[in-house]
$ cat work_14.txt   # compact mmCIF, N, CA and C atoms
# COMPACT_ATOMS: atom_id res chain seq x y z
N MET A 1 -43.31 -35.70 57.07
CA MET A 1 -42.90 -34.38 57.52
C MET A 1 -41.54 -34.07 56.89
N THR A 2 -41.41 -32.88 56.37
CA THR A 2 -40.14 -32.46 55.78
C THR A 2 -39.18 -31.97 56.86
N GLY A 3 -37.92 -31.85 56.47
CA GLY A 3 -36.94 -31.30 57.40
C GLY A 3 -37.30 -29.90 57.84
N ARG A 4 -37.81 -29.11 56.90
CA ARG A 4 -38.21 -27.75 57.23
C ARG A 4 -39.34 -27.75 58.27
N GLU A 5 -40.32 -28.65 58.09
CA GLU A 5 -41.44 -28.72 59.03
C GLU A 5 -40.98 -29.22 60.40
N ASP A 6 -40.13 -30.24 60.41
CA ASP A 6 -39.63 -30.76 61.68
C ASP A 6 -38.80 -29.71 62.40
N SER A 7 -37.96 -29.03 61.66
CA SER A 7 -37.14 -27.98 62.25
C SER A 7 -38.01 -26.86 62.81
N ALA A 8 -39.04 -26.48 62.08
CA ALA A 8 -39.94 -25.41 62.54
C ALA A 8 -40.65 -25.83 63.83
N PHE A 9 -41.11 -27.08 63.88
CA PHE A 9 -41.77 -27.58 65.09
C PHE A 9 -40.82 -27.52 66.28
N ARG A 10 -39.62 -28.02 66.09
CA ARG A 10 -38.66 -28.07 67.19
C ARG A 10 -38.19 -26.67 67.59
N PHE A 11 -38.08 -25.79 66.61
CA PHE A 11 -37.71 -24.40 66.90
C PHE A 11 -38.81 -23.71 67.71
N GLY A 12 -40.06 -23.96 67.34
CA GLY A 12 -41.17 -23.40 68.13
C GLY A 12 -41.14 -23.88 69.57
N MET A 13 -40.79 -25.16 69.75
CA MET A 13 -40.64 -25.69 71.11
C MET A 13 -39.53 -24.96 71.85
N ALA A 14 -38.41 -24.75 71.18
CA ALA A 14 -37.28 -24.06 71.81
C ALA A 14 -37.67 -22.64 72.23
N GLU A 15 -38.39 -21.95 71.37
CA GLU A 15 -38.84 -20.59 71.71
C GLU A 15 -39.78 -20.61 72.92
N SER A 16 -40.72 -21.55 72.94
CA SER A 16 -41.67 -21.65 74.06
C SER A 16 -40.96 -22.00 75.36
N LEU A 17 -40.02 -22.93 75.28
CA LEU A 17 -39.26 -23.31 76.48
C LEU A 17 -38.41 -22.16 76.99
N LEU A 18 -37.83 -21.38 76.08
CA LEU A 18 -37.06 -20.20 76.50
C LEU A 18 -37.98 -19.19 77.19
N ALA A 19 -39.17 -18.98 76.65
CA ALA A 19 -40.12 -18.05 77.29
C ALA A 19 -40.47 -18.53 78.70
N LYS A 20 -40.70 -19.83 78.85
CA LYS A 20 -41.00 -20.40 80.17
C LYS A 20 -39.81 -20.25 81.12
N ALA A 21 -38.60 -20.44 80.59
CA ALA A 21 -37.39 -20.27 81.42
C ALA A 21 -37.29 -18.84 81.92
N ARG A 22 -37.54 -17.90 81.03
CA ARG A 22 -37.46 -16.48 81.43
C ARG A 22 -38.53 -16.13 82.46
N GLU A 23 -39.75 -16.63 82.26
CA GLU A 23 -40.84 -16.38 83.21
C GLU A 23 -40.50 -16.97 84.58
N SER A 24 -40.01 -18.18 84.59
CA SER A 24 -39.66 -18.84 85.85
C SER A 24 -38.54 -18.09 86.56
N HIS A 25 -37.54 -17.67 85.79
CA HIS A 25 -36.42 -16.93 86.38
C HIS A 25 -36.91 -15.62 87.00
N ALA A 26 -37.80 -14.93 86.30
CA ALA A 26 -38.33 -13.66 86.82
C ALA A 26 -39.10 -13.86 88.12
N ARG A 27 -39.74 -15.00 88.29
CA ARG A 27 -40.48 -15.32 89.51
C ARG A 27 -39.59 -15.83 90.64
N GLY A 28 -38.33 -16.10 90.31
CA GLY A 28 -37.43 -16.66 91.32
C GLY A 28 -37.49 -18.17 91.42
N ASP A 29 -38.14 -18.81 90.46
CA ASP A 29 -38.21 -20.27 90.41
C ASP A 29 -36.99 -20.78 89.63
N PHE A 30 -35.86 -20.82 90.29
CA PHE A 30 -34.59 -21.03 89.61
C PHE A 30 -34.41 -22.46 89.09
N ARG A 31 -34.89 -23.44 89.82
CA ARG A 31 -34.79 -24.82 89.33
C ARG A 31 -35.61 -24.97 88.06
N GLU A 32 -36.85 -24.45 88.07
CA GLU A 32 -37.72 -24.54 86.91
C GLU A 32 -37.11 -23.78 85.73
N ALA A 33 -36.55 -22.60 86.01
CA ALA A 33 -35.91 -21.82 84.95
C ALA A 33 -34.77 -22.61 84.31
N SER A 34 -33.99 -23.27 85.14
CA SER A 34 -32.86 -24.05 84.63
C SER A 34 -33.32 -25.26 83.82
N LEU A 35 -34.36 -25.91 84.30
CA LEU A 35 -34.87 -27.09 83.58
C LEU A 35 -35.47 -26.68 82.24
N PHE A 36 -36.26 -25.62 82.22
CA PHE A 36 -36.81 -25.13 80.95
C PHE A 36 -35.69 -24.68 80.02
N ALA A 37 -34.68 -24.01 80.57
CA ALA A 37 -33.56 -23.54 79.74
C ALA A 37 -32.80 -24.73 79.14
N ARG A 38 -32.53 -25.75 79.95
CA ARG A 38 -31.84 -26.93 79.44
C ARG A 38 -32.63 -27.57 78.30
N ASN A 39 -33.93 -27.66 78.48
CA ASN A 39 -34.77 -28.24 77.45
C ASN A 39 -34.83 -27.35 76.20
N ALA A 40 -34.73 -26.05 76.37
CA ALA A 40 -34.69 -25.14 75.22
C ALA A 40 -33.41 -25.34 74.42
N VAL A 41 -32.29 -25.55 75.10
CA VAL A 41 -31.03 -25.82 74.41
C VAL A 41 -31.16 -27.11 73.61
N GLU A 42 -31.73 -28.14 74.23
CA GLU A 42 -31.92 -29.41 73.53
C GLU A 42 -32.82 -29.25 72.31
N ALA A 43 -33.94 -28.55 72.46
CA ALA A 43 -34.86 -28.34 71.34
C ALA A 43 -34.21 -27.53 70.23
N ALA A 44 -33.39 -26.54 70.59
CA ALA A 44 -32.69 -25.75 69.58
C ALA A 44 -31.71 -26.62 68.80
N ALA A 45 -30.99 -27.48 69.51
CA ALA A 45 -30.05 -28.40 68.84
C ALA A 45 -30.80 -29.33 67.90
N LYS A 46 -31.95 -29.81 68.32
CA LYS A 46 -32.75 -30.69 67.47
C LYS A 46 -33.31 -29.92 66.26
N ALA A 47 -33.67 -28.66 66.44
CA ALA A 47 -34.14 -27.85 65.32
C ALA A 47 -33.04 -27.68 64.28
N ILE A 48 -31.82 -27.55 64.75
CA ILE A 48 -30.68 -27.42 63.83
C ILE A 48 -30.46 -28.73 63.09
N LEU A 49 -30.39 -29.83 63.81
CA LEU A 49 -30.15 -31.12 63.17
C LEU A 49 -31.26 -31.47 62.18
N ALA A 50 -32.49 -31.10 62.49
CA ALA A 50 -33.63 -31.40 61.61
C ALA A 50 -33.49 -30.71 60.25
N CYS A 51 -32.66 -29.69 60.17
CA CYS A 51 -32.40 -29.04 58.88
C CYS A 51 -31.70 -29.99 57.91
N PHE A 52 -31.03 -31.01 58.44
CA PHE A 52 -30.17 -31.87 57.62
C PHE A 52 -30.52 -33.36 57.70
N SER A 53 -31.25 -33.77 58.75
CA SER A 53 -31.38 -35.20 59.01
C SER A 53 -32.59 -35.47 59.89
N ILE A 54 -32.94 -36.75 59.98
CA ILE A 54 -33.91 -37.18 60.97
C ILE A 54 -33.26 -37.04 62.34
N VAL A 55 -34.02 -36.60 63.31
CA VAL A 55 -33.49 -36.35 64.64
C VAL A 55 -33.73 -37.57 65.53
N PRO A 56 -32.66 -38.12 66.10
CA PRO A 56 -32.82 -39.27 66.99
C PRO A 56 -33.31 -38.82 68.37
N ARG A 57 -33.80 -39.75 69.13
CA ARG A 57 -34.13 -39.45 70.53
C ARG A 57 -32.80 -39.27 71.26
N SER A 58 -32.64 -38.13 71.85
CA SER A 58 -31.39 -37.84 72.53
C SER A 58 -31.60 -36.71 73.52
N ARG A 59 -30.85 -36.75 74.58
CA ARG A 59 -30.83 -35.66 75.56
C ARG A 59 -29.47 -34.97 75.56
N GLU A 60 -28.71 -35.14 74.49
CA GLU A 60 -27.34 -34.63 74.41
C GLU A 60 -27.23 -33.55 73.33
N PRO A 61 -27.54 -32.29 73.67
CA PRO A 61 -27.53 -31.25 72.64
C PRO A 61 -26.17 -31.02 71.99
N GLY A 62 -25.10 -31.19 72.72
CA GLY A 62 -23.77 -31.03 72.13
C GLY A 62 -23.52 -32.07 71.04
N SER A 63 -23.90 -33.29 71.29
CA SER A 63 -23.74 -34.37 70.31
C SER A 63 -24.64 -34.15 69.10
N LEU A 64 -25.84 -33.64 69.32
CA LEU A 64 -26.75 -33.35 68.21
C LEU A 64 -26.16 -32.28 67.30
N LEU A 65 -25.58 -31.26 67.91
CA LEU A 65 -24.97 -30.19 67.11
C LEU A 65 -23.74 -30.71 66.37
N ASP A 66 -22.96 -31.55 67.02
CA ASP A 66 -21.81 -32.17 66.35
C ASP A 66 -22.26 -32.97 65.13
N ARG A 67 -23.35 -33.68 65.30
CA ARG A 67 -23.88 -34.47 64.18
C ARG A 67 -24.29 -33.56 63.02
N ALA A 68 -24.94 -32.44 63.33
CA ALA A 68 -25.33 -31.48 62.29
C ALA A 68 -24.10 -30.92 61.58
N LEU A 69 -23.04 -30.69 62.34
CA LEU A 69 -21.80 -30.18 61.75
C LEU A 69 -21.18 -31.17 60.76
N GLY A 70 -21.54 -32.42 60.87
CA GLY A 70 -21.01 -33.43 59.97
C GLY A 70 -21.59 -33.37 58.56
N PHE A 71 -22.61 -32.57 58.35
CA PHE A 71 -23.22 -32.45 57.03
C PHE A 71 -22.54 -31.35 56.23
N ASP A 72 -22.22 -31.65 54.98
CA ASP A 72 -21.58 -30.67 54.11
C ASP A 72 -22.45 -29.43 53.92
N ALA A 73 -23.76 -29.60 54.03
CA ALA A 73 -24.68 -28.49 53.82
C ALA A 73 -24.74 -27.52 55.01
N PHE A 74 -24.05 -27.85 56.11
CA PHE A 74 -24.06 -26.93 57.25
C PHE A 74 -23.45 -25.60 56.80
N PRO A 75 -24.10 -24.48 57.09
CA PRO A 75 -23.64 -23.18 56.59
C PRO A 75 -22.20 -22.86 57.04
N PRO A 76 -21.28 -22.74 56.08
CA PRO A 76 -19.88 -22.49 56.42
C PRO A 76 -19.65 -21.29 57.34
N PRO A 77 -20.36 -20.16 57.17
CA PRO A 77 -20.10 -19.02 58.06
C PRO A 77 -20.46 -19.28 59.53
N LEU A 78 -21.23 -20.32 59.79
CA LEU A 78 -21.68 -20.61 61.16
C LEU A 78 -20.94 -21.78 61.81
N ARG A 79 -20.05 -22.41 61.06
CA ARG A 79 -19.35 -23.60 61.56
C ARG A 79 -18.51 -23.33 62.82
N SER A 80 -17.75 -22.28 62.81
CA SER A 80 -16.88 -22.00 63.95
C SER A 80 -17.70 -21.76 65.22
N GLU A 81 -18.74 -20.97 65.08
CA GLU A 81 -19.60 -20.70 66.24
C GLU A 81 -20.27 -21.99 66.72
N ALA A 82 -20.69 -22.84 65.77
CA ALA A 82 -21.32 -24.11 66.14
C ALA A 82 -20.36 -24.98 66.93
N SER A 83 -19.11 -25.00 66.53
CA SER A 83 -18.11 -25.80 67.26
C SER A 83 -17.96 -25.31 68.69
N ASP A 84 -17.94 -24.00 68.86
CA ASP A 84 -17.85 -23.44 70.21
C ASP A 84 -19.09 -23.77 71.04
N LEU A 85 -20.27 -23.65 70.41
CA LEU A 85 -21.52 -23.93 71.11
C LEU A 85 -21.62 -25.40 71.49
N SER A 86 -21.17 -26.26 70.61
CA SER A 86 -21.24 -27.70 70.87
C SER A 86 -20.55 -28.05 72.18
N GLU A 87 -19.41 -27.47 72.40
CA GLU A 87 -18.68 -27.72 73.64
C GLU A 87 -19.47 -27.23 74.85
N ALA A 88 -20.04 -26.03 74.73
CA ALA A 88 -20.84 -25.48 75.83
C ALA A 88 -22.09 -26.32 76.08
N TRP A 89 -22.71 -26.80 75.01
CA TRP A 89 -23.95 -27.55 75.14
C TRP A 89 -23.74 -28.95 75.69
N ASP A 90 -22.51 -29.43 75.69
CA ASP A 90 -22.24 -30.73 76.31
C ASP A 90 -22.66 -30.75 77.78
N SER A 91 -22.61 -29.60 78.43
CA SER A 91 -22.97 -29.55 79.85
C SER A 91 -24.48 -29.49 80.08
N TYR A 92 -25.26 -29.50 78.99
CA TYR A 92 -26.72 -29.47 79.09
C TYR A 92 -27.34 -30.81 78.68
N GLY A 93 -26.59 -31.88 78.84
CA GLY A 93 -27.04 -33.21 78.41
C GLY A 93 -27.82 -33.95 79.48
N MET A 94 -27.83 -35.26 79.32
CA MET A 94 -28.63 -36.12 80.19
C MET A 94 -28.26 -35.98 81.66
N GLN A 95 -26.98 -35.84 81.95
CA GLN A 95 -26.57 -35.70 83.35
C GLN A 95 -27.23 -34.47 83.98
N GLU A 96 -27.25 -33.37 83.25
CA GLU A 96 -27.87 -32.14 83.77
C GLU A 96 -29.39 -32.33 83.87
N HIS A 97 -29.97 -33.00 82.90
CA HIS A 97 -31.41 -33.27 82.93
C HIS A 97 -31.77 -34.05 84.21
N VAL A 98 -31.03 -35.09 84.50
CA VAL A 98 -31.29 -35.90 85.69
C VAL A 98 -31.08 -35.07 86.96
N LEU A 99 -30.02 -34.29 87.01
CA LEU A 99 -29.74 -33.47 88.18
C LEU A 99 -30.86 -32.46 88.43
N LEU A 100 -31.33 -31.82 87.35
CA LEU A 100 -32.40 -30.82 87.51
C LEU A 100 -33.75 -31.46 87.80
N SER A 101 -33.92 -32.69 87.38
CA SER A 101 -35.19 -33.39 87.61
C SER A 101 -35.26 -34.05 88.98
N TYR A 102 -34.15 -34.67 89.40
CA TYR A 102 -34.17 -35.50 90.61
C TYR A 102 -33.23 -35.04 91.71
N GLY A 103 -32.35 -34.12 91.39
CA GLY A 103 -31.40 -33.66 92.38
C GLY A 103 -30.18 -34.58 92.45
N ASP A 104 -29.38 -34.34 93.45
CA ASP A 104 -28.19 -35.16 93.70
C ASP A 104 -28.63 -36.27 94.65
N GLU A 105 -29.05 -37.39 94.08
CA GLU A 105 -29.62 -38.46 94.89
C GLU A 105 -28.59 -39.09 95.81
N ALA A 106 -27.35 -39.17 95.38
CA ALA A 106 -26.31 -39.78 96.21
C ALA A 106 -26.08 -38.99 97.50
N ASN A 107 -26.19 -37.67 97.40
CA ASN A 107 -25.96 -36.81 98.56
C ASN A 107 -27.25 -36.25 99.16
N ARG A 108 -28.39 -36.72 98.63
CA ARG A 108 -29.70 -36.33 99.13
C ARG A 108 -29.90 -34.81 99.11
N ILE A 109 -29.58 -34.20 97.95
CA ILE A 109 -29.80 -32.75 97.77
C ILE A 109 -30.83 -32.59 96.66
N ASP A 110 -31.97 -31.99 97.01
CA ASP A 110 -33.03 -31.84 96.03
C ASP A 110 -32.63 -30.80 94.96
N PRO A 111 -33.28 -30.85 93.80
CA PRO A 111 -32.87 -29.95 92.72
C PRO A 111 -33.11 -28.47 93.02
N TRP A 112 -34.09 -28.16 93.86
CA TRP A 112 -34.36 -26.76 94.18
C TRP A 112 -33.24 -26.15 95.02
N THR A 113 -32.58 -26.98 95.81
CA THR A 113 -31.45 -26.51 96.61
C THR A 113 -30.20 -26.37 95.74
N LEU A 114 -30.07 -27.24 94.75
CA LEU A 114 -28.88 -27.23 93.90
C LEU A 114 -28.77 -25.99 93.00
N VAL A 115 -29.91 -25.46 92.56
CA VAL A 115 -29.88 -24.41 91.55
C VAL A 115 -29.94 -23.03 92.20
N THR A 116 -28.87 -22.28 92.01
CA THR A 116 -28.78 -20.91 92.52
C THR A 116 -29.31 -19.93 91.48
N ALA A 117 -29.53 -18.70 91.89
CA ALA A 117 -29.97 -17.65 90.98
C ALA A 117 -28.95 -17.46 89.85
N ARG A 118 -27.69 -17.51 90.21
CA ARG A 118 -26.63 -17.34 89.20
C ARG A 118 -26.64 -18.47 88.18
N ARG A 119 -26.75 -19.69 88.67
CA ARG A 119 -26.76 -20.85 87.77
C ARG A 119 -27.97 -20.78 86.83
N ALA A 120 -29.11 -20.40 87.37
CA ALA A 120 -30.32 -20.28 86.54
C ALA A 120 -30.15 -19.17 85.51
N GLY A 121 -29.57 -18.07 85.91
CA GLY A 121 -29.34 -16.96 84.97
C GLY A 121 -28.43 -17.36 83.83
N GLU A 122 -27.39 -18.12 84.15
CA GLU A 122 -26.47 -18.60 83.12
C GLU A 122 -27.18 -19.56 82.17
N ALA A 123 -28.04 -20.41 82.70
CA ALA A 123 -28.78 -21.37 81.87
C ALA A 123 -29.75 -20.65 80.94
N VAL A 124 -30.43 -19.64 81.45
CA VAL A 124 -31.37 -18.88 80.62
C VAL A 124 -30.61 -18.13 79.52
N ALA A 125 -29.46 -17.59 79.85
CA ALA A 125 -28.65 -16.90 78.84
C ALA A 125 -28.18 -17.87 77.76
N GLU A 126 -27.79 -19.07 78.16
CA GLU A 126 -27.35 -20.08 77.18
C GLU A 126 -28.52 -20.52 76.31
N ALA A 127 -29.69 -20.63 76.89
CA ALA A 127 -30.87 -21.00 76.10
C ALA A 127 -31.19 -19.92 75.07
N ALA A 128 -31.07 -18.67 75.47
CA ALA A 128 -31.31 -17.57 74.53
C ALA A 128 -30.29 -17.62 73.39
N ARG A 129 -29.06 -17.91 73.71
CA ARG A 129 -28.01 -18.04 72.69
C ARG A 129 -28.31 -19.20 71.76
N ALA A 130 -28.81 -20.31 72.31
CA ALA A 130 -29.14 -21.49 71.51
C ALA A 130 -30.29 -21.19 70.55
N VAL A 131 -31.32 -20.54 71.03
CA VAL A 131 -32.47 -20.23 70.19
C VAL A 131 -32.06 -19.25 69.08
N ASP A 132 -31.26 -18.27 69.42
CA ASP A 132 -30.78 -17.33 68.42
C ASP A 132 -29.95 -18.04 67.35
N PHE A 133 -29.07 -18.94 67.78
CA PHE A 133 -28.23 -19.65 66.82
C PHE A 133 -29.07 -20.56 65.93
N ALA A 134 -30.02 -21.25 66.51
CA ALA A 134 -30.90 -22.11 65.72
C ALA A 134 -31.65 -21.29 64.68
N SER A 135 -32.08 -20.12 65.06
CA SER A 135 -32.78 -19.24 64.13
C SER A 135 -31.89 -18.87 62.95
N ARG A 136 -30.64 -18.57 63.23
CA ARG A 136 -29.71 -18.17 62.17
C ARG A 136 -29.35 -19.35 61.26
N VAL A 137 -29.21 -20.54 61.84
CA VAL A 137 -28.95 -21.72 61.01
C VAL A 137 -30.14 -21.99 60.10
N ARG A 138 -31.33 -21.95 60.66
CA ARG A 138 -32.54 -22.21 59.87
C ARG A 138 -32.67 -21.20 58.74
N LEU A 139 -32.39 -19.94 59.02
CA LEU A 139 -32.45 -18.91 57.98
C LEU A 139 -31.43 -19.18 56.89
N ALA A 140 -30.22 -19.58 57.27
CA ALA A 140 -29.17 -19.86 56.30
C ALA A 140 -29.52 -21.08 55.44
N VAL A 141 -30.17 -22.06 56.03
CA VAL A 141 -30.49 -23.30 55.29
C VAL A 141 -31.76 -23.14 54.45
N PHE A 142 -32.81 -22.59 55.05
CA PHE A 142 -34.11 -22.56 54.39
C PHE A 142 -34.48 -21.20 53.80
N GLY A 143 -33.76 -20.15 54.19
CA GLY A 143 -34.11 -18.81 53.74
C GLY A 143 -35.25 -18.25 54.57
N PRO A 144 -35.66 -17.02 54.29
CA PRO A 144 -36.74 -16.42 55.07
C PRO A 144 -38.08 -17.11 54.80
N GLY A 145 -38.93 -17.05 55.82
CA GLY A 145 -40.29 -17.57 55.63
C GLY A 145 -40.55 -18.86 56.17

$ encode --input "work_14.txt" --output "structure tokens"
Amino acid sequence: MTGREDSAFRFGMAESLLAKARESHARGDFREASLFARNAVEAAAKAILACFSIVPRSREPGSLLDRALGFDAFPPPLRSEASDLSEAWDSYGMQEHVLLSYGDEANRIDPWTLVTARRAGEAVAEAARAVDFASRVRLAVFGPG
């Protein structure tokens, strides 16, 4: 599989996960919306990294984007925005995945109670931003088509 093919696969996943996040949010399923959104951010980060490298198994989208930034081929006009996104995506890593999947086990709070409408809305907005950014990176690296 080429980098272009891997990136396209992962980008398609990010788009599908974003659609599921939006659908869940519209239904008021805020935990599900947040979990789908978190996974969309991760898939978008992997789609970006796949433009330059083999993608490792990871649940840390901020670290994946940082790794992509380490390549000289990363599009210079998008570097500053990527640095800003990397910091934001750090909060969508493994810790958030576990919290959205299992809740706060130490305090016995299930994930459906933890996720508010506002938190879910912010997660869906971040996922949309991630998918848009991945699309622009892919276009800059591979061109249209």

$ axis_aligned_box --input "work_14.txt" --around "stretch 120-132 of chain A" --padding-each-side "3 Å" --output "AutoDock Vina command-line options"
--center_x -29.5 --center_y -19.2 --center_z 77.4 --size_x 12.0 --size_y 10.6 --size_z 26.0

$ residues_around --input "work_14.txt" --residues "A:Leu49" --least-positions-apart "4" --cutoff "5 Å" --atoms "all atoms listed in the file" --output "list in words"
Ala45, Ser53 and Ala68 of chain A

$ closest_atom_pairs --input "work_14.txt" --of "stretch 41-107 of chain A" --to "stretch 10-30 of chain A" --cutoff "6 Å" --atoms "only N, CA and C atoms" --output "tab-separated table"
residue	atom	partner	partner_atom	distance
A:Ala43	C	A:Arg10	C	4.9
A:Ala44	N	A:Ala14	CA	4.8
A:Lys46	C	A:Arg10	CA	5.7
A:Ala47	CA	A:Phe11	N	4.6

$ write_last_selection --input "work_14.txt" --atoms "N, CA and C atoms" --output "PDB file, in the coordinates of the input"
ATOM      1  N   ALA A  43     -33.940 -28.550  72.460  1.00  0.00           N
ATOM      2  CA  ALA A  43     -34.860 -28.340  71.340  1.00  0.00           C
ATOM      3  C   ALA A  43     -34.210 -27.530  70.230  1.00  0.00           C
ATOM      4  N   ALA A  44     -33.390 -26.540  70.590  1.00  0.00           N
ATOM      5  CA  ALA A  44     -32.690 -25.750  69.580  1.00  0.00           C
ATOM      6  C   ALA A  44     -31.710 -26.620  68.800  1.00  0.00           C
ATOM      7  N   LYS A  46     -31.950 -29.810  68.320  1.00  0.00           N
ATOM      8  CA  LYS A  46     -32.750 -30.690  67.470  1.00  0.00           C
ATOM      9  C   LYS A  46     -33.310 -29.920  66.260  1.00  0.00           C
ATOM     10  N   ALA A  47     -33.670 -28.660  66.440  1.00  0.00           N
ATOM     11  CA  ALA A  47     -34.140 -27.850  65.320  1.00  0.00           C
ATOM     12  C   ALA A  47     -33.040 -27.680  64.280  1.00  0.00           C
TER      13      ALA A  47
END

$ closest_residue --input "work_14.txt" --among "A:Asn107, A:Pro61, A:Leu99, A:Ala8" --to "A:Leu85" --atoms "only N, CA and C atoms"
A:Pro61

$ atom_distance --input "work_14.txt" --atom1 "atom N of A:Ile54" --atom2 "atom CA of A:Glu126"
24.6 Å

$ residues_around --input "work_14.txt" --residues "A:Thr2" --least-positions-apart "3" --cutoff "8 Å" --atoms "only N, CA and C atoms" --output "count of residues only"
6

$ atom_distance --input "work_14.txt" --atom1 "atom CA of A:Pro75" --atom2 "atom CA of A:Arg138"
9.5 Å

$ closest_residue --input "work_14.txt" --among "A:Ala128, A:Val41, A:Ala117, A:Ile48" --to "A:Trp89" --atoms "all atoms listed in the file"
A:Val41

$ select_by_dssp --input "work_14.txt" --residues "stretch 30-112 of chain A" --states "alpha helix (DSSP H)" --output "VMD selection string"
chain A and resid 30 to 49 61 to 69 79 to 89 94 to 102 111 to 112

$ residues_around --input "work_14.txt" --residues "A:Ser83" --least-positions-apart "4" --cutoff "8 Å" --atoms "all atoms listed in the file" --output "list of chain:residue names"
A:Leu65, A:Asp66, A:Leu69, A:Leu78, A:Arg79, A:Glu87, A:Ala88

$ residues_around --input "work_14.txt" --residues "A:Tyr92" --least-positions-apart "6" --cutoff "6.5 Å" --atoms "all atoms listed in the file" --output "VMD selection string"
chain A and resid 38 59 to 62

$ closest_residue --input "work_14.txt" --among "A:Gly103, A:Phe52, A:Asp132, A:Glu42" --to "A:Ala73" --atoms "only N, CA and C atoms"
A:Phe52

$ closest_residue --input "work_14.txt" --among "A:Glu122, A:Pro111, A:Val98, A:Gly3" --to "A:Glu32" --atoms "all atoms listed in the file"
A:Pro111

$ closest_residue --input "work_14.txt" --among "A:His97, A:Arg4, A:Arg67, A:Arg108" --to "A:Leu35" --atoms "all atoms listed in the file"
A:His97

$ atom_distance --input "work_14.txt" --atom1 "atom C of A:Arg129" --atom2 "atom C of A:Gly93"
16.7 Å

$ closest_residue --input "work_14.txt" --among "A:Phe9, A:Ser34, A:Asp110, A:Asp90" --to "A:Ala127" --atoms "only C-alpha atoms"
A:Ser34
